[in-house]
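Colleague: Would you mind keeping the following structure in view while I ask a few things?
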Amino acid sequence: MARPDKIRLGDSLVQQKLITQDQLLFALEQQKRGGRRLGRVLTENGFATEEQISEALAKQLKIPYINLKLYNINVEQVRLLPENQARRFRAMVLEERNGILLVGMADPTDLFAYDEITRFLKRDIDLAVVTEGQLLDSIDRGYRRTEEITGLARELSEDLGESYVDFGAMASSAGVEDAPVVKLLQSIFEEATQVRASDIHIEPQEKKLMIRFRIDGALHLQTESDSKISPPLILRLKLMSGLDISEKRLPQDGRFNVRLREQGVDVRIATCPTQYGESVVMRLLRQEGGKAQLDKLGMPEYMLKRFREVIGRSNGMVLVTGPTGSGKTTTLYAALAEINSVDQKIITVEDPVEYRLPGINQVQVNEKIDLTFSRVLRSALRMDPDVILIGEMRDAETAQIGLRAAMTGHLVFSTLHTRDAAGTLFRLVDMGTPRFMVASSVQAVIAQRLLRRICEGCAEPHVPSPQESEWLKAVGVTREQHGGLCHGRGCSHCNGTGYRGRMGVYEMLEMGREMIDAAAHDNPTHFAQVARKHMQGRTIIDHALEQMKKGHTTIVEVMRISNQVED
C-alpha cells in the first residue's frame, strides 16, 4: 500500500464525535506537560477506550482494525520483524496475503516507523490498526523464548562436557554476561514474565532437568535438558539469593530482586534436597502488584458495598480465608489501598512483604533472628497504628495479639487457611483463642478462590457431558440455562489450554447480632448452620455458577472449586 498520510488524531476523534473539543484541548495540555502520547492521555482520563481510538484511526485511514484478542498469530510470520524493532515501533507482522505482509501498528501515522519497517522487511506491506495493549500482549506471545532456553541449556551442557568444572569460579564471574548459565537464567526469567508465570520450578530427575512454569494456577513444562546443567544453575541462583552454596543436604530459602523490562520483580527462592539433586522453586512477585483496586477484583456488587462499609470502621478484625495462591493478599492490599490516607497509620507484618504500597510501614518477618509474627506485632502495637495487617494467623499467640488489638481500637486485617467463611471462627477457637474474644472482635470474613478464565480468543459454546449434566442438575442449573455455557478450544493466545487469566469468586460472612450469639454457642456445628443459612444463595459456589452461566469460566473449573469447598 502507499505510504500513509500524516493525520491529526485529536481532530479525527472530534470529527467522529468520540470526544469533545474541550476534552481534546484538556488532553493536549496534559500531553505537553507529561510528554505522553495523546491516545494514552485520552484513555487514562476516560474520554475514550483504546479500541474506540484504534477503530476511529482505522476509519480515517481507510484500513482495517484488527482485534488481536480474537486473532491467532502466526509465530513464523511474527518473527520476520526482530523483537526489539517490534517493541520500538509498536508493530507486528500478522500474516502474508498474496505475497504482501499485513503489519499491525498501534500508530500507522508514525511515518518514520513505517519507513524503517518497510526498509527492514524489504517486502510490500499492508497496514492494519491494533490497540497498543493487545499488541504488546501479542508480542510477548510471539517472541517466546522456549527455543532460546532449550538452545542455551544445550550449549551449557556441551560446555560442561563430561569432565569436572569449577562451578564456583564460573558463578563468581558475574560480569561475564556471555556465560551460558547467565544467559539461560536471564531467558528463563524473561520468558516467565512474558507468560505471566507465578512460579518457576527447576527439578532434577535421574537423566534430565525439568523446568516448569505455573501459569494461572496450572503447571506447564517449559523445557527439558541434560541433568548435568542442574548444579551450575542452582549454584548461580544460590549466589544471587545469598544462600549457603556449600550446604546441599538441608532446605534453604531466600530472596533476590531482578529487573526485567523496566519492571522490578521480587523472587522468593526455596531449595530442597531430592534424590537426584537440589530442587528449586521460585515465586515471582511483581512490585507493581500493590496497585490492586477493590472494584477491579470482581466481587459481586452487594458484597463490595458491604465490604467497603466494614473496612471503613475504626476497629475490629477482617479475615480473608482460602488456600495458598487464592489471592488473599491481593484482596487485603486492595482494601489497604482503599483506606490508605495521610491521617491513617498503617503497619503490615508479613512473610514476605509481597507488594509495595506507598505511605505504609511494611515489616518483614525473619524467623532466623527470632523476628517472629508475634514479636513484630507486639512492637507494632507500640507504634501507635490505626490499621494493622498481619500476613497470616499462624499460631494462637499471633491470633490472640491480633484479636486484642481489634478489641482495643485498631482495625486489623489478616488471613487464615480455612475451607469456607463458616468454618473460620471455629478454626480460631480450635487454635486456642477464647470464644468471647473471637465473637466480639471479628467484623467480617471473606472466603475466596481463583477460577481460570476462558480465553477470549477461542471461546465457543459447550455442550455438557452426561456427568457434567448430572452435576449441573444437582446444583440447580436447569437445561434452559445450558445455552450460556462455554469452553476454550485452545489457541495461540492461551498456549492451547483454553484458559487465559483468572478471576476471583467470593463469599462474605458479616458478624451481626445473630452471628455473634451463634459464635458464643458451645456447639460449633450450630454456628456453621446459622452462618450457611445467613449466606444462602451468596456462597462461593453460587458466585462461581454465576460466572459459569455468563460464559466466563467452565463447568470443570466450577466443579473443581466445589470439590475443594465441600470436601
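Order determines the names: the first chain of the C-alpha cells is A, the second B, and so forth; residues in each chain are numbered 1 upward, and ligands are numbered 1 upward as they are shown.
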Among segment 71-112 of chain A, which residues carry a DSSP assignment of alpha helix (DSSP H), reported as a list in words?
Modeller: Val75, Glu76, Gln77, Val78, Glu83, Asn84, Gln85, Ala86, Arg87, Arg88, Phe89, Leu111 and Phe112 of chain A
Colleague: Would you export the selected residues with C-alpha atoms as a compact mmCIF listing (two decimals), in the first residue's frame, please?
Modeller:
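Output saved as result34.txt:
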# COMPACT_ATOMS: atom_id res chain seq x y z
CA VAL A 75 4.80 -17.15 15.01
CA GLU A 76 6.87 -17.67 11.84
CA GLN A 77 5.43 -14.51 10.26
CA VAL A 78 5.72 -12.54 13.50
CA GLU A 83 11.55 -8.27 18.68
CA ASN A 84 13.42 -5.05 19.51
CA GLN A 85 12.02 -3.37 16.37
CA ALA A 86 8.52 -4.71 17.04
CA ARG A 87 8.58 -3.18 20.52
CA ARG A 88 10.24 0.05 19.41
CA PHE A 89 7.82 0.74 16.56
CA LEU A 111 5.87 7.65 9.13
CA PHE A 112 9.39 7.07 10.47
Colleague: Give me, as a list in words, all polymer residues having an atom no more than 7 Å from segment 308-321 of chain A, counting only C-alpha atoms and skipping those fewer than 3 positions away in the same chain.
Modeller: Leu304, Lys305, Lys328, Leu403, Ala406, Met407, Gly409, His410, Leu411, Val412, Phe413, Ser414, Thr415, Leu416, His417, Thr418, Ser441, Val442, Gln443, Ala444, Val445, Ile446, Ala447 and Gln448 of chain A
Colleague: Which residue out of A:Val258, A:Leu233, A:Leu509, A:Ala399 has the minimum interatomic distance to Asp430 of chain A when only C-alpha atoms are used?
Modeller: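 The shortest atom-to-atom distance to Asp430 of chain A comes from A:Ala399.
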Colleague: Find the residues near Phe426 of chain A: any atom within 12 Å, counting only C-alpha atoms, skip ones fewer than 6 places away on the same chain, and give them as a list in words.
Modeller: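 In the requested format, the answer is Leu416, His417, Thr418, Arg419, Asp420, Gly432, Thr433, Pro434, Arg435, Val438, Ala439, Ala518, Ala519, Ala520, His521, Asp522, Asn523, Pro524, Thr525, His526, Phe527, Ala528 and Ala531 of chain A.
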Colleague: When you look at segment 46-59 of chain A with a cut-off of 10 Å (counting only C-alpha atoms), what residues show up, excluding the ones that are within fewer than 2 positions of it in the same chain? I need them as a short mmCIF file (atom, residue, chain, number, x, y, z; two decimals) with all heavy atoms, in the first residue's frame.
Modeller:
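The resulting file, selection13.cif, is shown below:
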data_model
loop_
_atom_site.label_atom_id
_atom_site.label_comp_id
_atom_site.auth_asym_id
_atom_site.auth_seq_id
_atom_site.Cartn_x
_atom_site.Cartn_y
_atom_site.Cartn_z
N ILE A 7 -2.01 12.24 9.85
CA ILE A 7 -3.27 12.88 10.23
C ILE A 7 -3.18 13.29 11.69
O ILE A 7 -2.37 12.77 12.46
CB ILE A 7 -4.48 11.95 10.03
CG1 ILE A 7 -4.37 10.74 10.97
CG2 ILE A 7 -4.62 11.50 8.60
CD1 ILE A 7 -5.67 9.97 11.11
N ARG A 8 -4.02 14.24 12.06
CA ARG A 8 -4.07 14.68 13.45
C ARG A 8 -5.13 13.83 14.16
O ARG A 8 -6.32 13.95 13.88
CB ARG A 8 -4.41 16.16 13.52
CG ARG A 8 -3.30 17.04 12.93
CD ARG A 8 -3.74 18.49 12.81
NE ARG A 8 -3.99 19.11 14.09
CZ ARG A 8 -3.07 19.78 14.79
NH1 ARG A 8 -1.83 19.86 14.32
NH2 ARG A 8 -3.36 20.32 15.95
N LEU A 9 -4.66 12.97 15.08
CA LEU A 9 -5.55 12.03 15.75
C LEU A 9 -6.67 12.75 16.50
O LEU A 9 -7.85 12.36 16.40
CB LEU A 9 -4.74 11.16 16.74
CG LEU A 9 -5.54 10.20 17.61
CD1 LEU A 9 -6.26 9.17 16.75
CD2 LEU A 9 -4.65 9.51 18.63
N GLY A 10 -6.32 13.79 17.25
CA GLY A 10 -7.32 14.50 18.04
C GLY A 10 -8.44 15.07 17.18
O GLY A 10 -9.63 14.91 17.51
N SER A 12 -9.37 14.08 14.29
CA SER A 12 -10.15 12.97 13.73
C SER A 12 -11.17 12.45 14.75
O SER A 12 -12.32 12.17 14.42
CB SER A 12 -9.21 11.84 13.31
OG SER A 12 -9.95 10.74 12.85
N LEU A 13 -10.76 12.35 16.01
CA LEU A 13 -11.67 11.85 17.07
C LEU A 13 -12.81 12.83 17.32
O LEU A 13 -13.95 12.43 17.57
CB LEU A 13 -10.88 11.60 18.36
CG LEU A 13 -9.82 10.49 18.30
CD1 LEU A 13 -9.03 10.42 19.59
CD2 LEU A 13 -10.48 9.13 18.03
N GLN A 15 -13.96 14.96 15.05
CA GLN A 15 -14.77 14.90 13.83
C GLN A 15 -15.72 13.70 13.87
O GLN A 15 -16.87 13.79 13.44
CB GLN A 15 -13.84 14.81 12.62
CG GLN A 15 -14.54 14.89 11.28
CD GLN A 15 -13.54 14.71 10.12
OE1 GLN A 15 -12.35 14.92 10.27
NE2 GLN A 15 -14.05 14.32 8.97
N GLN A 16 -15.24 12.57 14.42
CA GLN A 16 -16.09 11.38 14.51
C GLN A 16 -16.95 11.36 15.78
O GLN A 16 -17.61 10.37 16.08
CB GLN A 16 -15.21 10.12 14.45
CG GLN A 16 -14.51 9.95 13.11
CD GLN A 16 -13.73 8.63 13.03
OE1 GLN A 16 -14.24 7.59 13.42
NE2 GLN A 16 -12.50 8.68 12.52
N LYS A 17 -16.90 12.49 16.54
CA LYS A 17 -17.73 12.69 17.73
C LYS A 17 -17.46 11.66 18.84
O LYS A 17 -18.34 11.31 19.61
CB LYS A 17 -19.23 12.67 17.37
CG LYS A 17 -19.59 13.80 16.41
CD LYS A 17 -21.05 13.86 16.11
CE LYS A 17 -21.37 15.02 15.19
NZ LYS A 17 -22.75 15.07 14.77
N LEU A 18 -16.20 11.20 18.90
CA LEU A 18 -15.82 10.30 20.01
C LEU A 18 -15.44 11.10 21.24
O LEU A 18 -15.63 10.64 22.37
CB LEU A 18 -14.63 9.43 19.59
CG LEU A 18 -14.97 8.08 18.96
CD1 LEU A 18 -13.70 7.37 18.53
CD2 LEU A 18 -15.74 7.19 19.93
N ILE A 19 -14.85 12.28 21.03
CA ILE A 19 -14.54 13.18 22.14
C ILE A 19 -14.99 14.59 21.76
O ILE A 19 -15.25 14.88 20.58
CB ILE A 19 -13.02 13.19 22.45
CG1 ILE A 19 -12.20 13.66 21.24
CG2 ILE A 19 -12.54 11.82 22.91
CD1 ILE A 19 -10.72 13.91 21.54
N THR A 20 -15.07 15.45 22.77
CA THR A 20 -15.45 16.84 22.51
C THR A 20 -14.20 17.69 22.30
O THR A 20 -13.09 17.27 22.63
CB THR A 20 -16.25 17.42 23.70
OG1 THR A 20 -15.38 17.47 24.84
CG2 THR A 20 -17.47 16.54 24.02
N GLN A 23 -12.50 18.30 25.61
CA GLN A 23 -11.71 17.15 26.07
C GLN A 23 -10.39 17.08 25.32
O GLN A 23 -9.35 16.77 25.91
CB GLN A 23 -12.50 15.85 25.87
CG GLN A 23 -13.65 15.67 26.86
CD GLN A 23 -14.51 14.45 26.53
OE1 GLN A 23 -14.63 14.05 25.37
NE2 GLN A 23 -15.13 13.89 27.56
N LEU A 24 -10.41 17.38 24.02
CA LEU A 24 -9.18 17.37 23.22
C LEU A 24 -8.20 18.42 23.73
O LEU A 24 -7.01 18.14 23.91
CB LEU A 24 -9.50 17.62 21.75
CG LEU A 24 -8.28 17.78 20.82
CD1 LEU A 24 -7.42 16.53 20.85
CD2 LEU A 24 -8.72 18.08 19.39
N ALA A 27 -6.69 17.30 26.97
CA ALA A 27 -5.73 16.21 26.75
C ALA A 27 -4.43 16.74 26.14
O ALA A 27 -3.33 16.30 26.50
CB ALA A 27 -6.34 15.14 25.86
N GLY A 39 -3.12 9.46 22.61
CA GLY A 39 -4.05 8.35 22.83
C GLY A 39 -4.05 7.86 24.26
O GLY A 39 -5.09 7.58 24.85
N ARG A 40 -2.84 7.76 24.84
CA ARG A 40 -2.73 7.29 26.23
C ARG A 40 -3.37 8.29 27.19
O ARG A 40 -4.04 7.91 28.16
CB ARG A 40 -1.27 7.07 26.59
CG ARG A 40 -1.06 6.57 28.00
CD ARG A 40 0.31 5.97 28.19
NE ARG A 40 0.46 4.74 27.43
CZ ARG A 40 1.56 4.01 27.43
NH1 ARG A 40 2.61 4.39 28.15
NH2 ARG A 40 1.65 2.91 26.73
N VAL A 41 -3.16 9.59 26.95
CA VAL A 41 -3.76 10.62 27.81
C VAL A 41 -5.29 10.51 27.77
O VAL A 41 -5.97 10.60 28.79
CB VAL A 41 -3.31 12.04 27.37
CG1 VAL A 41 -4.02 13.11 28.19
CG2 VAL A 41 -1.80 12.18 27.52
N LEU A 42 -5.83 10.30 26.56
CA LEU A 42 -7.30 10.20 26.41
C LEU A 42 -7.85 8.99 27.15
O LEU A 42 -8.89 9.07 27.81
CB LEU A 42 -7.66 10.13 24.92
CG LEU A 42 -7.43 11.40 24.10
CD1 LEU A 42 -7.57 11.12 22.61
CD2 LEU A 42 -8.41 12.51 24.51
N THR A 43 -7.15 7.85 27.06
CA THR A 43 -7.65 6.64 27.74
C THR A 43 -7.51 6.76 29.25
O THR A 43 -8.40 6.33 29.99
CB THR A 43 -6.91 5.38 27.25
OG1 THR A 43 -5.50 5.56 27.44
CG2 THR A 43 -7.19 5.10 25.79
N GLU A 44 -6.40 7.36 29.73
CA GLU A 44 -6.20 7.50 31.18
C GLU A 44 -7.25 8.41 31.81
O GLU A 44 -7.62 8.22 32.96
CB GLU A 44 -4.80 8.04 31.47
CG GLU A 44 -3.71 7.00 31.28
CD GLU A 44 -2.31 7.57 31.42
OE1 GLU A 44 -2.19 8.80 31.63
OE2 GLU A 44 -1.34 6.79 31.33
N LEU A 61 -8.12 6.37 8.16
CA LEU A 61 -7.07 5.97 7.20
C LEU A 61 -7.58 5.00 6.14
O LEU A 61 -6.84 4.63 5.23
CB LEU A 61 -5.90 5.33 7.96
CG LEU A 61 -5.08 6.24 8.88
CD1 LEU A 61 -4.13 5.44 9.75
CD2 LEU A 61 -4.29 7.26 8.06
N LYS A 62 -8.84 4.53 6.34
CA LYS A 62 -9.46 3.56 5.41
C LYS A 62 -8.64 2.26 5.34
O LYS A 62 -8.36 1.73 4.27
CB LYS A 62 -9.63 4.17 4.01
CG LYS A 62 -10.59 5.35 3.97
CD LYS A 62 -10.78 5.86 2.56
CE LYS A 62 -11.83 6.94 2.48
NZ LYS A 62 -11.55 8.12 3.31
N ILE A 63 -8.21 1.79 6.53
CA ILE A 63 -7.52 0.50 6.65
C ILE A 63 -8.24 -0.30 7.73
O ILE A 63 -8.98 0.27 8.53
CB ILE A 63 -6.01 0.66 6.99
CG1 ILE A 63 -5.83 1.41 8.33
CG2 ILE A 63 -5.27 1.36 5.87
CD1 ILE A 63 -4.38 1.53 8.77
N PRO A 64 -8.05 -1.64 7.77
CA PRO A 64 -8.80 -2.43 8.75
C PRO A 64 -8.32 -2.23 10.19
O PRO A 64 -7.14 -1.92 10.42
CB PRO A 64 -8.57 -3.87 8.29
CG PRO A 64 -7.32 -3.84 7.47
CD PRO A 64 -7.26 -2.48 6.86
N TYR A 65 -9.26 -2.42 11.14
CA TYR A 65 -8.91 -2.51 12.56
C TYR A 65 -8.99 -3.98 12.93
O TYR A 65 -9.97 -4.65 12.60
CB TYR A 65 -9.88 -1.69 13.43
CG TYR A 65 -9.86 -2.10 14.89
CD1 TYR A 65 -8.76 -1.82 15.70
CD2 TYR A 65 -10.92 -2.82 15.45
CE1 TYR A 65 -8.73 -2.21 17.03
CE2 TYR A 65 -10.89 -3.23 16.78
CZ TYR A 65 -9.79 -2.91 17.56
OH TYR A 65 -9.77 -3.31 18.88
N ILE A 66 -7.97 -4.51 13.60
CA ILE A 66 -7.96 -5.93 13.97
C ILE A 66 -7.93 -6.07 15.48
O ILE A 66 -7.06 -5.48 16.15
CB ILE A 66 -6.75 -6.66 13.34
CG1 ILE A 66 -6.93 -6.75 11.82
CG2 ILE A 66 -6.58 -8.07 13.93
CD1 ILE A 66 -5.78 -7.40 11.09
N ASN A 67 -8.91 -6.82 16.01
CA ASN A 67 -8.95 -7.12 17.43
C ASN A 67 -8.06 -8.34 17.68
O ASN A 67 -8.41 -9.46 17.36
CB ASN A 67 -10.40 -7.41 17.86
CG ASN A 67 -10.51 -7.66 19.35
OD1 ASN A 67 -9.51 -7.84 20.05
ND2 ASN A 67 -11.73 -7.67 19.86
N MET A 105 -0.13 -2.08 13.38
CA MET A 105 0.59 -0.98 14.06
C MET A 105 -0.34 -0.27 15.02
O MET A 105 -1.52 -0.04 14.70
CB MET A 105 1.16 0.02 13.05
CG MET A 105 2.28 -0.50 12.18
SD MET A 105 2.97 0.79 11.10
CE MET A 105 3.84 1.84 12.28
N ALA A 106 0.19 0.09 16.18
CA ALA A 106 -0.62 0.86 17.13
C ALA A 106 -0.81 2.29 16.61
O ALA A 106 -1.83 2.91 16.87
CB ALA A 106 0.05 0.87 18.50
N ASP A 107 0.19 2.79 15.87
CA ASP A 107 0.09 4.14 15.30
C ASP A 107 0.58 4.13 13.85
O ASP A 107 1.75 4.39 13.57
CB ASP A 107 0.92 5.13 16.13
CG ASP A 107 0.82 6.55 15.58
OD1 ASP A 107 -0.04 6.79 14.70
OD2 ASP A 107 1.58 7.42 16.05
N PRO A 108 -0.33 3.82 12.89
CA PRO A 108 0.08 3.76 11.48
C PRO A 108 0.47 5.11 10.90
O PRO A 108 1.00 5.18 9.80
CB PRO A 108 -1.17 3.22 10.77
CG PRO A 108 -2.06 2.70 11.85
CD PRO A 108 -1.75 3.48 13.06
N THR A 109 0.22 6.19 11.67
CA THR A 109 0.60 7.53 11.16
C THR A 109 2.05 7.86 11.49
O THR A 109 2.54 8.92 11.13
CB THR A 109 -0.32 8.62 11.75
OG1 THR A 109 -0.10 8.71 13.17
CG2 THR A 109 -1.78 8.30 11.51
N LEU A 127 -1.15 -2.19 5.94
CA LEU A 127 -1.23 -1.85 7.37
C LEU A 127 -2.62 -2.14 7.92
O LEU A 127 -3.63 -2.11 7.21
CB LEU A 127 -0.92 -0.37 7.59
CG LEU A 127 0.51 0.09 7.30
CD1 LEU A 127 0.67 1.57 7.64
CD2 LEU A 127 1.52 -0.74 8.10
N ALA A 128 -2.66 -2.45 9.20
CA ALA A 128 -3.90 -2.58 9.96
C ALA A 128 -3.67 -1.88 11.29
O ALA A 128 -2.53 -1.77 11.76
CB ALA A 128 -4.26 -4.04 10.18
N VAL A 129 -4.74 -1.39 11.90
CA VAL A 129 -4.63 -0.73 13.21
C VAL A 129 -4.91 -1.76 14.30
O VAL A 129 -5.86 -2.54 14.20
CB VAL A 129 -5.63 0.44 13.33
CG1 VAL A 129 -5.39 1.19 14.65
CG2 VAL A 129 -5.48 1.40 12.16
N VAL A 130 -4.07 -1.75 15.35
CA VAL A 130 -4.30 -2.61 16.52
C VAL A 130 -4.10 -1.75 17.77
O VAL A 130 -3.40 -0.73 17.71
CB VAL A 130 -3.32 -3.81 16.54
CG1 VAL A 130 -3.59 -4.76 15.39
CG2 VAL A 130 -1.86 -3.33 16.52
N THR A 131 -4.70 -2.16 18.89
CA THR A 131 -4.50 -1.38 20.12
C THR A 131 -3.14 -1.72 20.71
O THR A 131 -2.65 -2.84 20.58
CB THR A 131 -5.59 -1.68 21.18
OG1 THR A 131 -5.45 -3.04 21.60
CG2 THR A 131 -6.98 -1.46 20.64
N GLU A 132 -2.55 -0.74 21.38
CA GLU A 132 -1.20 -0.92 21.91
C GLU A 132 -1.16 -2.03 22.97
O GLU A 132 -0.24 -2.85 22.99
CB GLU A 132 -0.69 0.39 22.52
CG GLU A 132 0.75 0.30 22.97
CD GLU A 132 1.32 1.65 23.39
OE1 GLU A 132 0.60 2.67 23.32
OE2 GLU A 132 2.49 1.68 23.80
N GLY A 133 -2.16 -2.07 23.85
CA GLY A 133 -2.19 -3.08 24.90
C GLY A 133 -2.23 -4.49 24.34
O GLY A 133 -1.47 -5.37 24.76
N GLN A 134 -3.13 -4.71 23.38
CA GLN A 134 -3.24 -6.04 22.75
C GLN A 134 -1.98 -6.38 21.97
O GLN A 134 -1.54 -7.54 21.93
CB GLN A 134 -4.46 -6.09 21.83
CG GLN A 134 -5.79 -6.05 22.57
CD GLN A 134 -6.97 -6.03 21.61
OE1 GLN A 134 -6.81 -6.19 20.40
NE2 GLN A 134 -8.17 -5.81 22.13
#
Colleague: What's the separation between atom CA of Gln31 of chain A and atom CA of Leu136 of chain A, in Å to one decimal place?
Modeller: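 These two atoms are separated by 22.0 Å.
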Colleague: Show which residues sit within 8 Å of Asp126 of chain A, as a list in words. Count only C-alpha atoms, and ignore same-chain residues fewer than 6 positions away.
Modeller: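 The residues satisfying every condition are Met1, Ile100, Leu101, Leu102 and Val103 of chain A.
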Colleague: Of the candidates A:Cys491, A:Ile149, A:Met535, A:Val530, which shows the shortest atom-to-atom distance to Ser187 of chain A, using only C-alpha atoms?
Modeller: A:Ile149
Colleague: Expressed in Å to a single decimal, how great is the separation between atom CA of Gln400 of chain A and atom CA of Arg375 of chain A?
Modeller: 12.6 Å
Colleague: Within 8 Å of Gly254 of chain A, counting only C-alpha atoms, which residues show up once you throw out same-chain ones fewer than 5 positions away? Write them as a list of chain:residue names, please.
Modeller: A:Ser241, A:Gly242, A:Leu243, A:Arg268, A:Ile269, A:Ala270
Colleague: Those residues with N, CA and C atoms, as a short mmCIF file (atom, residue, chain, number, x, y, z; two decimals), in the first residue's frame please?
Modeller:
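Wrote result18.cif, looks like this:
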data_model
loop_
_atom_site.label_atom_id
_atom_site.label_comp_id
_atom_site.auth_asym_id
_atom_site.auth_seq_id
_atom_site.Cartn_x
_atom_site.Cartn_y
_atom_site.Cartn_z
N SER A 241 20.85 -15.23 45.71
CA SER A 241 19.94 -15.05 46.85
C SER A 241 20.64 -15.14 48.20
N GLY A 242 21.98 -15.21 48.19
CA GLY A 242 22.73 -15.20 49.44
C GLY A 242 22.61 -16.47 50.27
N LEU A 243 22.34 -17.60 49.63
CA LEU A 243 22.23 -18.86 50.35
C LEU A 243 23.61 -19.52 50.51
N ARG A 268 11.21 -14.97 45.47
CA ARG A 268 11.37 -15.80 46.67
C ARG A 268 11.85 -17.17 46.22
N ILE A 269 12.93 -17.64 46.80
CA ILE A 269 13.50 -18.92 46.36
C ILE A 269 13.52 -19.92 47.51
N ALA A 270 13.16 -21.15 47.21
CA ALA A 270 13.22 -22.23 48.20
C ALA A 270 13.91 -23.42 47.55
#
Colleague: Go through segment 250-376 of chain A and collect every residue that DSSP, computed from the backbone, puts in strand (DSSP E or B); the answer should be as a PyMOL selection string.
Modeller: chain A and resi 252-260+263-274+277-286+316-321+346-350+361-364+366+371
Colleague: Rounded to one decimal place, report the atom CA of Gln362 of chain A-atom CA of Ile347 of chain A distance in Å.
Modeller: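 For atom CA of Gln362 of chain A relative to atom CA of Ile347 of chain A, the distance reads 5.8 Å.
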